[in-house]
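Engineer: After the structure tokens below, expect a handful of questions from me.
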Amino acid sequence: MSAHATPIPMTARRSGPLKGVAEVPGDKSISHRALILGALSVGETSVTGLLEGQDVLDTAAAMRAFGATVTRHGEGEWTVNGVGVGGFAEPSQVIDCGNSGTGVRLIMGAMATTPIAATFTGDASLNKRPMGRVTDPLALFGAKAVGRAGGKLPLTMIGAAEPVPVRYTLPMPSAQVKSAVLLAGLNAPGETVVIEPEATRDHTERMLRGFGAEVDVQETPEGRVITLKGQPELTGQRVAVPRDPSSAAFPVCAALLVPGSEITVPGVSRNPTRDGLYVTLLEMGADIAFENPREEGGEPVADLRVRYSPDLKGVETPEDRAASMIDEFPILSVVASMAKGTTVMRGVKELRVKESDRIDAMARGLEACGVKIEEDEDTLIVHGTGSVPGGATCATHLDHRIAMSFLVLGMVSETPVSVDDGGPIATSFPIFEPLMSGLGASVSRDNS
Ligand code: S3P
């Protein structure tokens, strides 16, 4: 689906204490993978807790276009009847992945070693994002991609008729690129090897194993070496999707900042490759307890109990932590602006190629709200003073996490903060507004 037609301006105001239970939606990364691996399996995959955000709905539609049967049975309850590894049919229409970099990059990988052609497009944000990082390694399998200048969408991919396995070292820390290569490796003979010098989220490796593939992971001096044995028979599974730590970050950070708050966020994934924000918040002095740690659906999860934390201080986040919190820097920069002292975020250049240039979007919006910022290509520095004037309308650039971050800022700044378009929030956290309002936050659409 392409971008929503009409912008949805929204405003958040200083809010009373946040109280209650925040049941955030299912993990976006795992939801995409459940649908794609279900489509590449033989038999039925049943999914509970699927995120029904637009990004994932677009991936569901794409899997149907490649021949899988994808059915919704109730809230978050879906089944996928797959076509097996190498069984994708050629889609008869253009595949529109909307706003989703994860969707388009993983699906390109999943089809790249099957002899079919598919044309991919997306919204104005996705069509600006780099695809060469995926089409380059997929070319090593024998796939061909023809896109716009710079390898951008719309792009047609012609899958390799006689794929060869690949050994590929990631040039940037990207779980999407790693996953595209591993999914392509499924239909290549022999062993496909991906080497990641810096660890990125490992849901693809975990889930591939769960669906029956042989995946070996070795920690070596050159990084994590992931070896996939090609042409396995994947079989349908039950997938219980844990709640998304990247979505949980918004109520968690709001509760840390709004005086008198105490909330619980149950069943959140604590996968160590996704945990960097929580490590950082604890270093800043946040009061977060991780209760009832357990395993659900192959992922470690816990219930988060979060209390207002008045004495947060600035910290430095090291370069080697960036991948484990890559989607959380926008909301961390809001927390940093309300903390006392300087927060230095290092190794963040990948933020420049997300749904928006997130360093630029946060820096401009925070400056407009009266926060002192410094930035270079790979670093964002926020000078926190313990309070933020607010009073600005911030541009979200079709980026859900920018929109939600500035709305959280508005809940604690001296004067309200608005965003020009909250529509993209529906891509990952469609219940953000009712969930935050239910906790006691003052957030609303401007024209309602
Ligand atoms: C994702 C990987 C990350 C992340 C994105 C989801 C995934 O992107 O930012 O929201 O599910 O694999 P990169 O691979 O571009 O770092």
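By convention here, the chains of the structure tokens are called A, B, ... in the order presented, each chain's residues are numbered starting at 1, and ligands are numbered starting at 1 in the order presented.
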If you take only C-alpha atoms and a cut-off of 12 Å, which residues of range 213-299 of chain A touch range 383-390 of chain A, and what are their nearest atom pairs and distances in Å to one decimal, in chain and number order, as JSON lines?
Structural biologist:
```
{"residue": "A:Leu257", "atom": "CA", "partner": "A:Gly386", "partner_atom": "CA", "distance": 9.8}
{"residue": "A:Val258", "atom": "CA", "partner": "A:Ser387", "partner_atom": "CA", "distance": 11.5}
{"residue": "A:Met284", "atom": "CA", "partner": "A:Gly384", "partner_atom": "CA", "distance": 11.9}
```
Engineer: Return as a ChimeraX atom specification the residues of protein, DNA or RNA that approach ligand 1 to within 10 Å, with only C-alpha atoms and all ligand atoms taken into account.
Structural biologist: /A:27-33,100-103,105-106,129-130,133,172-180,200-204,246,274,322-328,350-351,353-355,401,428
Engineer: What's the 8 Å shell around range 333-348 of chain A, counting only C-alpha atoms, without same-chain residues fewer than 5 positions away, as an MDAnalysis selection string?
Structural biologist: chainID A and resid 253 257 311:320 322 326 362 366 371 378:388 405:406 408:409
Engineer: Can you pull out every residue within 8 Å of Leu228 in chain A, counting only C-alpha atoms, but drop anything in the same chain fewer than 3 positions away, and send it as a PyMOL selection string?
Structural biologist: chain A and resi 182+185-186+191-193+213-216
Engineer: Write the residues of the preceding selection, restricted to N, CA and C atoms, as a PDB file, in the first residue's frame.
Structural biologist:
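Ended up saving to result07.pdb:
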```pdb
ATOM      1  N   LEU A 182      20.441 -14.768   3.559  1.00  0.00           N
ATOM      2  CA  LEU A 182      20.103 -16.098   4.089  1.00  0.00           C
ATOM      3  C   LEU A 182      18.845 -16.651   3.421  1.00  0.00           C
ATOM      4  N   GLY A 185      19.745 -17.858   0.149  1.00  0.00           N
ATOM      5  CA  GLY A 185      20.532 -19.084   0.286  1.00  0.00           C
ATOM      6  C   GLY A 185      19.677 -20.327   0.456  1.00  0.00           C
ATOM      7  N   LEU A 186      18.433 -20.142   0.882  1.00  0.00           N
ATOM      8  CA  LEU A 186      17.555 -21.306   1.083  1.00  0.00           C
ATOM      9  C   LEU A 186      17.410 -22.131  -0.192  1.00  0.00           C
ATOM     10  N   GLU A 191      26.360 -24.556   0.726  1.00  0.00           N
ATOM     11  CA  GLU A 191      26.288 -23.723   1.928  1.00  0.00           C
ATOM     12  C   GLU A 191      26.420 -22.246   1.599  1.00  0.00           C
ATOM     13  N   THR A 192      25.495 -21.455   2.095  1.00  0.00           N
ATOM     14  CA  THR A 192      25.612 -19.993   2.004  1.00  0.00           C
ATOM     15  C   THR A 192      26.117 -19.483   3.345  1.00  0.00           C
ATOM     16  N   VAL A 193      27.133 -18.615   3.268  1.00  0.00           N
ATOM     17  CA  VAL A 193      27.774 -18.129   4.496  1.00  0.00           C
ATOM     18  C   VAL A 193      27.670 -16.609   4.534  1.00  0.00           C
ATOM     19  N   ALA A 213      15.570 -25.511   9.129  1.00  0.00           N
ATOM     20  CA  ALA A 213      16.814 -25.358   8.356  1.00  0.00           C
ATOM     21  C   ALA A 213      18.012 -25.636   9.268  1.00  0.00           C
ATOM     22  N   GLU A 214      19.131 -26.021   8.635  1.00  0.00           N
ATOM     23  CA  GLU A 214      20.373 -26.187   9.402  1.00  0.00           C
ATOM     24  C   GLU A 214      21.145 -24.875   9.345  1.00  0.00           C
ATOM     25  N   VAL A 215      21.282 -24.236  10.487  1.00  0.00           N
ATOM     26  CA  VAL A 215      21.989 -22.950  10.548  1.00  0.00           C
ATOM     27  C   VAL A 215      23.028 -23.049  11.653  1.00  0.00           C
ATOM     28  N   ASP A 216      24.283 -22.817  11.281  1.00  0.00           N
ATOM     29  CA  ASP A 216      25.357 -22.871  12.276  1.00  0.00           C
ATOM     30  C   ASP A 216      25.890 -21.454  12.485  1.00  0.00           C
TER      31      ASP A 216
END
```
Engineer: Residues at most 8 Å from Gly236 in chain A, counting only C-alpha atoms, excluding those fewer than 2 positions away in the same chain, as a list in words?
Structural biologist: Gly38, Ser41, Val42, Gly43, Glu44, Thr45, Ser46, Asn81, Gly82, Phe211, Leu234 and Arg238 of chain A
Engineer: Would you export the selected residues with C-alpha atoms as a short mmCIF file (atom, residue, chain, number, x, y, z; two decimals), in the first residue's frame, please?
Structural biologist:
```cif
data_model
loop_
_atom_site.label_atom_id
_atom_site.label_comp_id
_atom_site.auth_asym_id
_atom_site.auth_seq_id
_atom_site.Cartn_x
_atom_site.Cartn_y
_atom_site.Cartn_z
CA GLY A 38 5.49 -19.59 6.54
CA SER A 41 7.35 -23.81 4.17
CA VAL A 42 5.37 -26.90 3.39
CA GLY A 43 2.14 -27.16 5.39
CA GLU A 44 0.50 -24.71 7.73
CA THR A 45 2.10 -22.06 9.92
CA SER A 46 -0.10 -20.57 12.61
CA ASN A 81 -0.17 -22.26 3.93
CA GLY A 82 3.16 -22.19 2.21
CA PHE A 211 11.29 -24.02 10.66
CA LEU A 234 10.98 -26.06 5.80
CA ARG A 238 3.41 -22.37 15.42
#
```
Engineer: Give the helix (DSSP H, G or I) residues of range 42-166 of chain A, as DSSP finds them on the backbone, and put them as a PyMOL selection string.
Structural biologist: chain A and resi 54-65+101-111+126-128+132-141+149-151
Engineer: Find, counting only C-alpha atoms, the residue in A:Gly26, A:Gly260, A:Pro245, A:Pro163 that gets nearest to Pro189 in chain A.
Structural biologist: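 Ranked by minimum distance to Pro189 in chain A, first place goes to A:Pro163.
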Engineer: Just checking: using only C-alpha atoms, which residue out of A:Pro232, A:Pro259, A:Gly423, A:Gly212 ends up closest to Gly16 in chain A?
Structural biologist: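 Answer, going by the shortest atom-to-atom distance: A:Pro259.
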Engineer: For the atom pair CA of Pro17 in chain A and CA of Val417 in chain A, what is the interatomic distance in Å to one decimal place?
Structural biologist: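 One can read the CA of Pro17 in chain A to CA of Val417 in chain A distance as 17.9 Å.
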Engineer: Rank A:Asp376, A:Leu277, A:Arg72, A:Pro115 by their smallest atom-to-atom distance to Phe250 in chain A, using only C-alpha atoms, and report the top residue only.
Structural biologist: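 Between A:Asp376, A:Leu277, A:Arg72, A:Pro115, the residue approaching Phe250 in chain A most closely is A:Leu277.
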Engineer: Would you please extract all strand (DSSP E) residues from range 8-236 of chain A, as assigned by DSSP on the backbone, and give them as a VMD selection string?
Structural biologist: chain A and resid 10 to 13 19 to 21 44 to 48 69 to 74 77 to 81 95 to 96 117 to 121 144 to 148 152 to 158 167 to 169 191 to 196 215 to 220 223 to 229
Engineer: Could you please determine the separation between CA of Pro137 in chain A and CA of Val85 in chain A in Å, to one decimal place?
Structural biologist: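 So the two atoms, CA of Pro137 in chain A and CA of Val85 in chain A, lie 19.4 Å apart.
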Engineer: Considering only C-alpha atoms, state which residue in the set A:Thr156, A:Asn292, A:Ser437, A:Asn127 is at the smallest distance from Leu398 in chain A.
Structural biologist: A:Asn127
Engineer: By how many Å are CA of Ser125 in chain A and CA of Ile359 in chain A apart?
Structural biologist: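 These atoms are spaced 15.4 Å apart.
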Engineer: Using only C-alpha atoms, which of A:Ile373, A:Met131, A:Val443, A:Leu332 sits nearest Gly147 in chain A?
Structural biologist: A:Met131
Engineer: Quick one: residues within 7 Å of Val268 in chain A, only C-alpha atoms, excluding same-chain residues fewer than 2 positions away - as a ChimeraX atom specification?
Structural biologist: /A:242-245,265-266,270,301-303
Engineer: Using only C-alpha atoms, which of the listed residues (A:Val194, A:Cys97, A:Ala117, A:Ala89) sits closest to Gln54 in chain A?
Structural biologist: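 Residue with the minimum atom-to-atom distance to Gln54 in chain A: A:Cys97.
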